[in-house]
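Participant: So that we are looking at the same thing, I have put the structure below in structure tokens.
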Amino acid sequence: MVATDKSSKSGVSFTEQEALQFHQQGRPGKLEINPTKPMATQRDLSLAYSPGVAVPVKAIAEDPTRAFDYTTRGNLVAVISNGSAILGLGNLGALASKPVMEGKAVLFKRFADVDSIDLEVDTQNVDEFVNSVRYLGPSFGGINLEDIKAPDCFIIEQRLREIMDIPVFHDDQHGTAIIAAAGLINAFHLTGRDIKDVRIVCNGAGAAGIACIELVKAMGVPHENVLLCDTKGVIYQGREEGMNQWKSAHAVETDARSLYDALKGADVFLGVSVKGALTEDMVRVMAPNPIIFAMANPDPEITPEEVAAIRDDAIMATGRSDYPNQVNNVLGFPYIFRGALDVLATTINDEMKVACAEALAKLAREEVPDEVAAAYRGNRPKFGPEYIIPVPFDPRLISTVPPAVAQAAMDSGVARRPIVDMDAYRNQLSARRDPVAGTLQRIFSKVRQSPKRVVFAEGEEEPMIRAAASFVGQGLGKAILIGRDDEVREAAKEAGVDIDRPGIEILNARLSNRNMDYAEFLYARLQRAGYLYRDCQRLVNNDRNYWGAIMVARGDADAMVTGITRNYSVVLDTVRNCIDAKPGHRVIGVSLALSRGRTVLVADTAVIDMPTSEELADIAEEAAHVARRLGYEPRVAMLAYSTFGHPPGERSERVQEAVKILDRRRVDFEYDGEMGADVALNPDKMAAYPFCRLTGPANVLVMPAFHSASISTKMLQELGGSTVIGPLLVGLDKPVQILTIGAKDSDIVNMAAIAAYNVT
Ligand SMILES: NC(=O)C1=CN([C@@H]2O[C@H](COP(=O)(O)OP(=O)(O)OC[C@H]3O[C@@H](n4cnc5c(N)ncnc54)[C@H](OP(=O)(O)O)[C@@H]3O)[C@@H](O)[C@H]2O)C=CC1
Ligand SMILES: CC(=O)C(=O)O
Ligand SMILES: [Mg+2]
């Protein structure tokens with residue numbers, strides 16, 4: 001396929017082939033199902049399946065609410081579509097809608113830890129669709145209808161809501177309306193408008209359009225102040241063409257016939273139609289300080305650039321993540337369902353929707369605290385025209401929106417299991433956030449604020465090329481691919497990457513005029529280590545890792561990633577021949593192990609084989625420093641097979657001695673040991689040692705030796721389901737990150753960002 005660049009001025013760009021590759025790589029698609037109970041022994045099987053499973057069966061038969069205790073039902077939402085209105089792409093059928101529905105399912109998981117499965121129902125017949133869904137009630141805690149065209153969606157939703165005793169929510173209607181309402185509340189606030197006086201034009205009289213204007217009218221906008229338009233123009237009283245009962249309900253008496261007519265003097269444009277539907281001429285005739293929400297996906301009715309070119313007084317929002325003010329239902333559905341599921345709500349009613357809109361609007365008006373600022377691109381956002389709505393990555397959403405929704409469900413009498421302790425509930429919600437994404441998001445945001453030039457040393461390798469393109473596409477900086485021009489181009493073609501996009505440079509070391517300088521630089525460092533000038537020349541010319549590391553050492557690049565084709569220790573030796581340790585630091589490897597609700601740093605996972613006590617203390621200091629760079633307040637556990645002297649042994653004594661060294665150094669972080677990993681991580685076990693100086697479970701684990709560090713992180717990854725990032729190489733004077741052989745392009749991008757962020 002021809003590589004078409006889907007780019008925008010704000011940085012995130014990709015080719016069509018990259019989008020396909022993203023979906024194809026690894027397991028095709030975006031989700032898989034994992035068991036939550038062990039299935040290892042005969043006993044496990046007896047409990048999970050016959051005969052043990054009969055016990056919950058009988059319990060549920062006696063009391064159906066027990067299904068929420070013994071099955072996935074309470075946390076499971078189906079995303080169901082027939083593909084009749086896929087985004088703004090039209091009726092492309094059930095199968096073609098699957099990528100969107102899978103996407104929605106993973107967003108449920110990512111943002112609110114709601115398990116979700118997509119179901120594509122292959123019928124365009126309303127009755128058949130209703131009948132396919134109505135009998136699925138026992139399987140799910142909620143039904144999210146998606147991308148079903150109007151007016152069918154109104155009938156389908158209404159019928160299913162009547163029949164089913166779980167929330168049925170057509171997100172394109174209510175999700176969109178809720179988020180748009182939140183944005184409007186704030187835009188009115190900023191422009192000093194009274195909701196009773198505003199004149200709104202909504203283009204698109206489908207699922208999203210009808211729901212948006214119903215909600216704004218419910219909020220106080222007078223009926224006659226809202227003009228609704230569709231492909232035939234304004235919906236006026238008496239119009240006959242292309243009408244249905246839902247449109248008729250919003251027909252008004254007016255002389256306006258076209259969208260242009262309707263927009264003369266209008267305060268608000270709500271676009272839920274198609275790309276390009278709003279023209280510059282139309283924007284010109286709107287009232288001063290117009291509010292323009294161009295929400296069609298994937299491309300808006302008009303772009304912010306186009307609006308900015310003709311007037312500077314508009315408040316502009318789109319449905320896209322790469323512009324300010326993203327009015328997208330992803331801000332709503334994960335949290336609305338989270339709140340609804342957590343109180344076993346029978347439905348999602350208007351009170352819950354309004355509570356969600358108000359909670360979102362309020363959040364955007366609040367000061368952005370430090371730990372949240374990092375989730376926003378560029379500078380810390382401040383409530384204003386460019387920031388009227390929180391961004392999807394705002395980590396506060398999970399602890400603020402579901403409680404508001406749950407409270408509204410309780411107050412309006414639809415909660416089957418009310419929440420007793422709201423504060424405790426908020427804390428539980430925070431722990432549901434995916435820490436992998438949170439940590440990386442923070443790093444990515446920081447790097448975007450000061451983009452770097454990063455060497456991707458193995459420039460002829462396809463994963464490196466894809467990673468370089470993704471790094472540049474995400475606005476993280478410039479990528480320098482080291483390799484022969486024609487080889488890199490050939491590999492880029494295979495990878496579907498537009499290698500000539502701005503921000504990517506191909507550098508052929510052999511042809512560079514810096515060869516001699518670099519060889520001399522290397523010779524000066526290695527001449528007393530048995531290397532001849534010629535050896536250095538050969539290394540510089542032939543070994544891309546030497547070239548890249550010297551570029552970084554000399555300041556010709558800011559950072560480097562490499563390692564997908566060579567052994568870690570070989571690359572590490574190369575790097576150390578070119579770059580020293582930072583003065584006063586020790587070079588070590590720190591791995592980040594991320595599992596649900598928890599991130600721990602493990603050290604040293606890369607360099608020192610059998611550390612002495614002195615070295616263990618150094619490792620603790622380095623790792624604590626990295627923890628702080630990553631935004632964690634370190635609580636360091638010095639690990640051993642023993643805990644506080646028992647059972648005794650030589651390895652444990654070394655660790656005890658390391659603790660004494662840290663005492664003498666008067667370091668400024670919490671540490672203690674020696675202790676076992678269970679004591680370090682489990683507060684109940686730590687409680688058996690009341691003298692332990694850690695104030696909570698450790699988040700930095702210093703291993704007694706390289707082998708235990710390496711073995712334990714690999715086991716965590718393979719058996720424990722943790723994501724392990726690293727080892728990150730820390731303590732070097734200039735940032736270089738080494739990957740493991742066979743790393744995927746997404747791992748490379750993460751490491752490149754970490755290198756650019758410079759954790760040291
Ligand atoms: N940002 C967000 O969160 C969301 C955005 N959307 C976007 O909103 C749009 C509509 O989605 P949805 O309501 O589900 O789709 P529907 O198919 O239900 O409705 C589409 C509506 O748009 C109208 N329309 C199409 N082309 C034009 C045009 N050129 N000028 C005026 N009206 C037009 C149609 O008119 P007619 O009735 O005459 O056929 C119809 O009323 C899509 O682009 C979708 O991506 C949807 C949900 C959420
Ligand atoms: C965001 C969404 O649901 C849509 O565009 O259809
Ligand atoms: Mg949709």
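By convention in this document, the chains of the structure tokens carry letters A, B, ... by their order, each chain's residues are numbered from 1, and ligands are numbered from 1 in the order they are shown.
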Could you make a table, as JSON lines, of the residues of chain A that have an atom within 6 Å of an atom of ligand 1, each with its nearest atom pair and distance in Å to one decimal, counting only C-alpha atoms and all ligand atoms, in chain and number order?
Facilitator:
{"residue": "A:Ala85", "atom": "CA", "partner": "ligand 1", "partner_atom_place_in_ligand_line": "17 (O)", "distance": 4.8}
{"residue": "A:Leu87", "atom": "CA", "partner": "ligand 1", "partner_atom_place_in_ligand_line": "45 (O)", "distance": 3.5}
{"residue": "A:Gly88", "atom": "CA", "partner": "ligand 1", "partner_atom_place_in_ligand_line": "43 (O)", "distance": 3.1}
{"residue": "A:Asp147", "atom": "CA", "partner": "ligand 1", "partner_atom_place_in_ligand_line": "14 (O)", "distance": 5.4}
{"residue": "A:Lys149", "atom": "CA", "partner": "ligand 1", "partner_atom_place_in_ligand_line": "18 (O)", "distance": 3.9}
{"residue": "A:Ala150", "atom": "CA", "partner": "ligand 1", "partner_atom_place_in_ligand_line": "18 (O)", "distance": 3.9}
{"residue": "A:Asp172", "atom": "CA", "partner": "ligand 1", "partner_atom_place_in_ligand_line": "47 (C)", "distance": 4.0}
{"residue": "A:Thr176", "atom": "CA", "partner": "ligand 1", "partner_atom_place_in_ligand_line": "48 (C)", "distance": 4.7}
{"residue": "A:Asn203", "atom": "CA", "partner": "ligand 1", "partner_atom_place_in_ligand_line": "31 (C)", "distance": 5.2}
{"residue": "A:Gly204", "atom": "CA", "partner": "ligand 1", "partner_atom_place_in_ligand_line": "22 (O)", "distance": 3.6}
{"residue": "A:Ala205", "atom": "CA", "partner": "ligand 1", "partner_atom_place_in_ligand_line": "41 (O)", "distance": 3.4}
{"residue": "A:Gly206", "atom": "CA", "partner": "ligand 1", "partner_atom_place_in_ligand_line": "19 (O)", "distance": 3.2}
{"residue": "A:Ala207", "atom": "CA", "partner": "ligand 1", "partner_atom_place_in_ligand_line": "13 (O)", "distance": 3.7}
{"residue": "A:Ala208", "atom": "CA", "partner": "ligand 1", "partner_atom_place_in_ligand_line": "13 (O)", "distance": 3.8}
{"residue": "A:Gly209", "atom": "CA", "partner": "ligand 1", "partner_atom_place_in_ligand_line": "13 (O)", "distance": 5.6}
{"residue": "A:Cys229", "atom": "CA", "partner": "ligand 1", "partner_atom_place_in_ligand_line": "31 (C)", "distance": 5.9}
{"residue": "A:Asp230", "atom": "CA", "partner": "ligand 1", "partner_atom_place_in_ligand_line": "32 (N)", "distance": 3.5}
{"residue": "A:Thr231", "atom": "CA", "partner": "ligand 1", "partner_atom_place_in_ligand_line": "38 (O)", "distance": 3.9}
{"residue": "A:Lys232", "atom": "CA", "partner": "ligand 1", "partner_atom_place_in_ligand_line": "38 (O)", "distance": 5.7}
{"residue": "A:Val272", "atom": "CA", "partner": "ligand 1", "partner_atom_place_in_ligand_line": "8 (O)", "distance": 3.6}
{"residue": "A:Ser273", "atom": "CA", "partner": "ligand 1", "partner_atom_place_in_ligand_line": "22 (O)", "distance": 3.8}
{"residue": "A:Val274", "atom": "CA", "partner": "ligand 1", "partner_atom_place_in_ligand_line": "43 (O)", "distance": 4.9}
{"residue": "A:Ala277", "atom": "CA", "partner": "ligand 1", "partner_atom_place_in_ligand_line": "29 (N)", "distance": 5.1}
{"residue": "A:Met295", "atom": "CA", "partner": "ligand 1", "partner_atom_place_in_ligand_line": "1 (N)", "distance": 4.2}
{"residue": "A:Ala296", "atom": "CA", "partner": "ligand 1", "partner_atom_place_in_ligand_line": "43 (O)", "distance": 3.3}
{"residue": "A:Asn297", "atom": "CA", "partner": "ligand 1", "partner_atom_place_in_ligand_line": "45 (O)", "distance": 3.7}
{"residue": "A:Gly319", "atom": "CA", "partner": "ligand 1", "partner_atom_place_in_ligand_line": "1 (N)", "distance": 3.8}
{"residue": "A:Val327", "atom": "CA", "partner": "ligand 1", "partner_atom_place_in_ligand_line": "1 (N)", "distance": 5.3}
{"residue": "A:Asn328", "atom": "CA", "partner": "ligand 1", "partner_atom_place_in_ligand_line": "3 (O)", "distance": 3.3}
{"residue": "A:Asn329", "atom": "CA", "partner": "ligand 1", "partner_atom_place_in_ligand_line": "3 (O)", "distance": 4.0}
Participant: Only C-alpha atoms, please: the residues just picked out, written as a PDB file, in the first residue's frame.
Facilitator:
ATOM      1  CA  ALA A  85     -22.174   4.434  11.121  1.00  0.00           C
ATOM      2  CA  LEU A  87     -16.958   6.909  13.018  1.00  0.00           C
ATOM      3  CA  GLY A  88     -17.702   9.390  10.219  1.00  0.00           C
ATOM      4  CA  ASP A 147     -21.564   3.259  15.694  1.00  0.00           C
ATOM      5  CA  LYS A 149     -26.741   4.809  12.418  1.00  0.00           C
ATOM      6  CA  ALA A 150     -29.675   7.028  13.207  1.00  0.00           C
ATOM      7  CA  ASP A 172     -22.288   7.996  20.158  1.00  0.00           C
ATOM      8  CA  THR A 176     -20.712  12.550  22.847  1.00  0.00           C
ATOM      9  CA  ASN A 203     -24.679  20.015  11.931  1.00  0.00           C
ATOM     10  CA  GLY A 204     -25.501  16.316  11.833  1.00  0.00           C
ATOM     11  CA  ALA A 205     -28.935  15.101  12.908  1.00  0.00           C
ATOM     12  CA  GLY A 206     -27.909  11.552  13.613  1.00  0.00           C
ATOM     13  CA  ALA A 207     -27.118   9.676  16.789  1.00  0.00           C
ATOM     14  CA  ALA A 208     -24.650  12.213  18.147  1.00  0.00           C
ATOM     15  CA  GLY A 209     -26.426  15.330  16.886  1.00  0.00           C
ATOM     16  CA  CYS A 229     -28.952  20.672  10.048  1.00  0.00           C
ATOM     17  CA  ASP A 230     -28.360  17.533   8.035  1.00  0.00           C
ATOM     18  CA  THR A 231     -27.402  16.719   4.452  1.00  0.00           C
ATOM     19  CA  LYS A 232     -30.489  18.551   3.230  1.00  0.00           C
ATOM     20  CA  VAL A 272     -21.208  15.724  14.332  1.00  0.00           C
ATOM     21  CA  SER A 273     -21.425  15.192  10.595  1.00  0.00           C
ATOM     22  CA  VAL A 274     -18.465  14.728   8.241  1.00  0.00           C
ATOM     23  CA  ALA A 277     -18.726  20.327   6.332  1.00  0.00           C
ATOM     24  CA  MET A 295     -16.280  16.609  16.342  1.00  0.00           C
ATOM     25  CA  ALA A 296     -16.488  14.424  13.210  1.00  0.00           C
ATOM     26  CA  ASN A 297     -13.981  11.573  13.239  1.00  0.00           C
ATOM     27  CA  GLY A 319     -12.663  14.962  18.361  1.00  0.00           C
ATOM     28  CA  VAL A 327     -14.141  16.506  22.721  1.00  0.00           C
ATOM     29  CA  ASN A 328     -14.183  12.765  22.417  1.00  0.00           C
ATOM     30  CA  ASN A 329     -16.385  10.291  24.163  1.00  0.00           C
TER      31      ASN A 329
END
Participant: So what do you get for CA of Asn577 in chain A versus CA of Leu522 in chain A, distance-wise?
Facilitator: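 Rounded to one decimal, the two atoms are 7.8 Å apart.
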Participant: I want to know what sits within 7 Å of range 687-693 of chain A, based on only C-alpha atoms, with residues of the same chain fewer than 3 positions away left out; could you give that as a PyMOL selection string?
Facilitator: chain A and resi 671-672+683-684
Participant: Which is closer to Asp663 in chain A than all the others in A:Pro583, A:Pro727, A:Glu621, A:Phe644, using only C-alpha atoms?
Facilitator: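 Of all the options, A:Glu621 lies closest to Asp663 in chain A.
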Participant: Can you list, as a PyMOL selection string, every protein, DNA or RNA residue that comes within 8 Å of range 482-484 of chain A when you count only C-alpha atoms, leaving out same-chain residues fewer than 5 positions away?
Facilitator: chain A and resi 455-460+506-509+544+548
Participant: Given the selection you just returned, output its residues as a file containing N, CA and C atoms, formatted as an mmCIF file, in the first residue's frame.
Facilitator:
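Saved result, part.cif, follows:
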data_model
loop_
_atom_site.group_PDB
_atom_site.id
_atom_site.type_symbol
_atom_site.label_atom_id
_atom_site.label_comp_id
_atom_site.auth_asym_id
_atom_site.auth_seq_id
_atom_site.Cartn_x
_atom_site.Cartn_y
_atom_site.Cartn_z
ATOM 1 N N VAL A 455 20.105 8.899 18.389
ATOM 2 C CA VAL A 455 20.700 7.974 17.424
ATOM 3 C C VAL A 455 20.019 6.615 17.552
ATOM 4 N N PHE A 456 19.513 6.120 16.452
ATOM 5 C CA PHE A 456 19.008 4.744 16.370
ATOM 6 C C PHE A 456 20.099 3.991 15.610
ATOM 7 N N ALA A 457 20.999 3.346 16.387
ATOM 8 C CA ALA A 457 22.269 2.932 15.790
ATOM 9 C C ALA A 457 22.117 1.852 14.730
ATOM 10 N N GLU A 458 21.215 0.916 14.955
ATOM 11 C CA GLU A 458 21.102 -0.181 13.979
ATOM 12 C C GLU A 458 20.114 0.230 12.887
ATOM 13 N N GLY A 459 20.538 1.244 12.127
ATOM 14 C CA GLY A 459 19.636 1.962 11.226
ATOM 15 C C GLY A 459 19.138 1.175 10.038
ATOM 16 N N GLU A 460 19.729 0.003 9.770
ATOM 17 C CA GLU A 460 19.252 -0.775 8.622
ATOM 18 C C GLU A 460 18.222 -1.828 9.041
ATOM 19 N N ILE A 506 19.411 10.002 7.765
ATOM 20 C CA ILE A 506 20.185 8.773 7.583
ATOM 21 C C ILE A 506 21.655 9.176 7.577
ATOM 22 N N LEU A 507 22.439 8.472 8.366
ATOM 23 C CA LEU A 507 23.840 8.863 8.452
ATOM 24 C C LEU A 507 24.736 7.665 8.145
ATOM 25 N N ASN A 508 25.497 7.768 7.072
ATOM 26 C CA ASN A 508 26.426 6.709 6.712
ATOM 27 C C ASN A 508 27.785 7.052 7.307
ATOM 28 N N ALA A 509 28.173 6.286 8.328
ATOM 29 C CA ALA A 509 29.390 6.602 9.074
ATOM 30 C C ALA A 509 30.613 6.659 8.144
ATOM 31 N N ARG A 544 28.602 0.469 14.087
ATOM 32 C CA ARG A 544 27.639 1.586 14.255
ATOM 33 C C ARG A 544 27.469 1.976 15.710
ATOM 34 N N GLY A 548 27.760 5.734 16.922
ATOM 35 C CA GLY A 548 26.647 6.362 17.632
ATOM 36 C C GLY A 548 27.053 6.838 19.017
#
Participant: Can you list, as JSON, numbers by chain, every residue of range 180-387 of chain A that DSSP puts in alpha helix (DSSP H)?
Facilitator: {"A": [180, 181, 182, 183, 184, 185, 186, 187, 188, 189, 190, 191, 207, 208, 209, 210, 211, 212, 213, 214, 215, 216, 217, 218, 245, 246, 247, 248, 259, 260, 261, 262, 263, 280, 281, 282, 283, 284, 304, 305, 306, 307, 308, 309, 310, 333, 334, 335, 336, 337, 338, 339, 340, 341, 342, 350, 351, 352, 353, 354, 355, 356, 357, 358, 359, 360, 361, 362, 363, 364, 365, 370, 371, 372, 373]}
Participant: Please write the residues from the selection above to a file, keeping C-alpha atoms, as an mmCIF file, in the first residue's frame.
Facilitator:
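Wrote it out as out09.cif, contents follow:
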data_model
loop_
_atom_site.group_PDB
_atom_site.id
_atom_site.type_symbol
_atom_site.label_atom_id
_atom_site.label_comp_id
_atom_site.auth_asym_id
_atom_site.auth_seq_id
_atom_site.Cartn_x
_atom_site.Cartn_y
_atom_site.Cartn_z
ATOM 1 C CA ALA A 180 -19.746 18.252 24.429
ATOM 2 C CA ALA A 181 -21.906 19.526 27.307
ATOM 3 C CA ALA A 182 -18.887 19.611 29.618
ATOM 4 C CA GLY A 183 -16.952 21.612 27.028
ATOM 5 C CA LEU A 184 -19.870 23.964 26.451
ATOM 6 C CA ILE A 185 -20.331 24.644 30.176
ATOM 7 C CA ASN A 186 -16.739 25.850 30.278
ATOM 8 C CA ALA A 187 -16.802 27.691 26.951
ATOM 9 C CA PHE A 188 -19.915 29.629 28.095
ATOM 10 C CA HIS A 189 -18.143 30.382 31.351
ATOM 11 C CA LEU A 190 -15.083 31.742 29.509
ATOM 12 C CA THR A 191 -17.034 33.860 27.044
ATOM 13 C CA ALA A 207 -27.118 9.676 16.789
ATOM 14 C CA ALA A 208 -24.650 12.213 18.147
ATOM 15 C CA GLY A 209 -26.426 15.330 16.886
ATOM 16 C CA ILE A 210 -29.883 14.552 18.295
ATOM 17 C CA ALA A 211 -28.424 13.523 21.672
ATOM 18 C CA CYS A 212 -26.231 16.638 21.877
ATOM 19 C CA ILE A 213 -29.093 19.027 21.321
ATOM 20 C CA GLU A 214 -31.404 17.135 23.630
ATOM 21 C CA LEU A 215 -28.861 17.466 26.396
ATOM 22 C CA VAL A 216 -28.167 21.172 25.797
ATOM 23 C CA LYS A 217 -31.895 21.847 25.790
ATOM 24 C CA ALA A 218 -32.219 19.907 29.052
ATOM 25 C CA GLN A 245 -39.651 11.725 14.153
ATOM 26 C CA TRP A 246 -36.416 12.506 15.988
ATOM 27 C CA LYS A 247 -35.511 15.271 13.595
ATOM 28 C CA SER A 248 -39.072 16.626 13.557
ATOM 29 C CA LEU A 259 -25.939 25.758 7.111
ATOM 30 C CA TYR A 260 -24.471 29.097 6.026
ATOM 31 C CA ASP A 261 -27.792 30.860 6.681
ATOM 32 C CA ALA A 262 -28.114 29.127 10.026
ATOM 33 C CA LEU A 263 -24.680 30.172 11.176
ATOM 34 C CA GLU A 280 -14.282 29.367 6.198
ATOM 35 C CA ASP A 281 -17.101 31.575 4.877
ATOM 36 C CA MET A 282 -19.455 30.062 7.418
ATOM 37 C CA VAL A 283 -17.023 30.663 10.278
ATOM 38 C CA ARG A 284 -16.718 34.311 9.234
ATOM 39 C CA PRO A 304 -8.201 24.483 14.013
ATOM 40 C CA GLU A 305 -5.608 25.799 11.531
ATOM 41 C CA GLU A 306 -8.332 26.766 9.081
ATOM 42 C CA VAL A 307 -10.294 28.577 11.776
ATOM 43 C CA ALA A 308 -7.179 30.310 13.111
ATOM 44 C CA ALA A 309 -6.400 31.576 9.615
ATOM 45 C CA ILE A 310 -9.594 33.589 9.474
ATOM 46 C CA PHE A 333 -17.656 5.981 28.612
ATOM 47 C CA PRO A 334 -14.891 4.281 30.645
ATOM 48 C CA TYR A 335 -15.733 6.283 33.754
ATOM 49 C CA ILE A 336 -19.517 6.282 33.347
ATOM 50 C CA PHE A 337 -19.528 2.495 33.150
ATOM 51 C CA ARG A 338 -16.973 2.233 35.971
ATOM 52 C CA GLY A 339 -19.261 4.203 38.274
ATOM 53 C CA ALA A 340 -22.381 2.368 37.067
ATOM 54 C CA LEU A 341 -20.818 -1.085 37.485
ATOM 55 C CA ASP A 342 -19.452 -0.313 40.914
ATOM 56 C CA ASP A 350 -29.923 11.495 32.999
ATOM 57 C CA GLU A 351 -28.764 12.281 36.524
ATOM 58 C CA MET A 352 -25.674 10.142 36.005
ATOM 59 C CA LYS A 353 -24.966 11.769 32.631
ATOM 60 C CA VAL A 354 -25.254 15.278 34.008
ATOM 61 C CA ALA A 355 -23.080 14.341 36.986
ATOM 62 C CA CYS A 356 -20.439 13.131 34.556
ATOM 63 C CA ALA A 357 -20.580 16.321 32.440
ATOM 64 C CA GLU A 358 -20.324 18.519 35.520
ATOM 65 C CA ALA A 359 -17.468 16.501 36.997
ATOM 66 C CA LEU A 360 -15.531 16.822 33.728
ATOM 67 C CA ALA A 361 -16.186 20.545 33.417
ATOM 68 C CA LYS A 362 -15.147 21.128 37.030
ATOM 69 C CA LEU A 363 -11.958 19.132 36.620
ATOM 70 C CA ALA A 364 -10.852 21.347 33.727
ATOM 71 C CA ARG A 365 -11.353 24.448 35.853
ATOM 72 C CA ASP A 370 2.447 18.869 39.506
ATOM 73 C CA GLU A 371 1.961 15.175 39.102
ATOM 74 C CA VAL A 372 -0.800 15.826 36.587
ATOM 75 C CA ALA A 373 0.997 18.492 34.574
#
Participant: Would you mind reading off the distance between CA of Ala491 in chain A and CA of Glu505 in chain A, one decimal, in Å?
Facilitator: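 These atoms are spaced 14.4 Å apart.
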Participant: Do you know which residues are at most 7 Å from range 95-110 of chain A counting only C-alpha atoms, after dropping those on the same chain fewer than 6 positions away, and could you put them as a ChimeraX atom specification?
Facilitator: /A:30-31,79,83,86,116-118,120,334,434
Participant: Give me, as a ChimeraX atom specification, the residues of range 468-557 of chain A that a backbone DSSP run labels strand (DSSP E or B).
Facilitator: /A:477-482,504-507
Participant: Output the selection as a compact mmCIF listing (two decimals), in the first residue's frame - C-alpha atoms for each residue.
Facilitator:
# COMPACT_ATOMS: atom_id res chain seq x y z
CA GLY A 477 12.50 14.62 18.65
CA LYS A 478 14.73 13.87 15.69
CA ALA A 479 15.95 10.40 14.78
CA ILE A 480 19.36 9.66 13.33
CA LEU A 481 19.50 6.25 11.65
CA ILE A 482 23.04 4.99 11.17
CA ILE A 504 14.61 11.53 10.21
CA GLU A 505 18.24 11.64 9.11
CA ILE A 506 20.18 8.77 7.58
CA LEU A 507 23.84 8.86 8.45
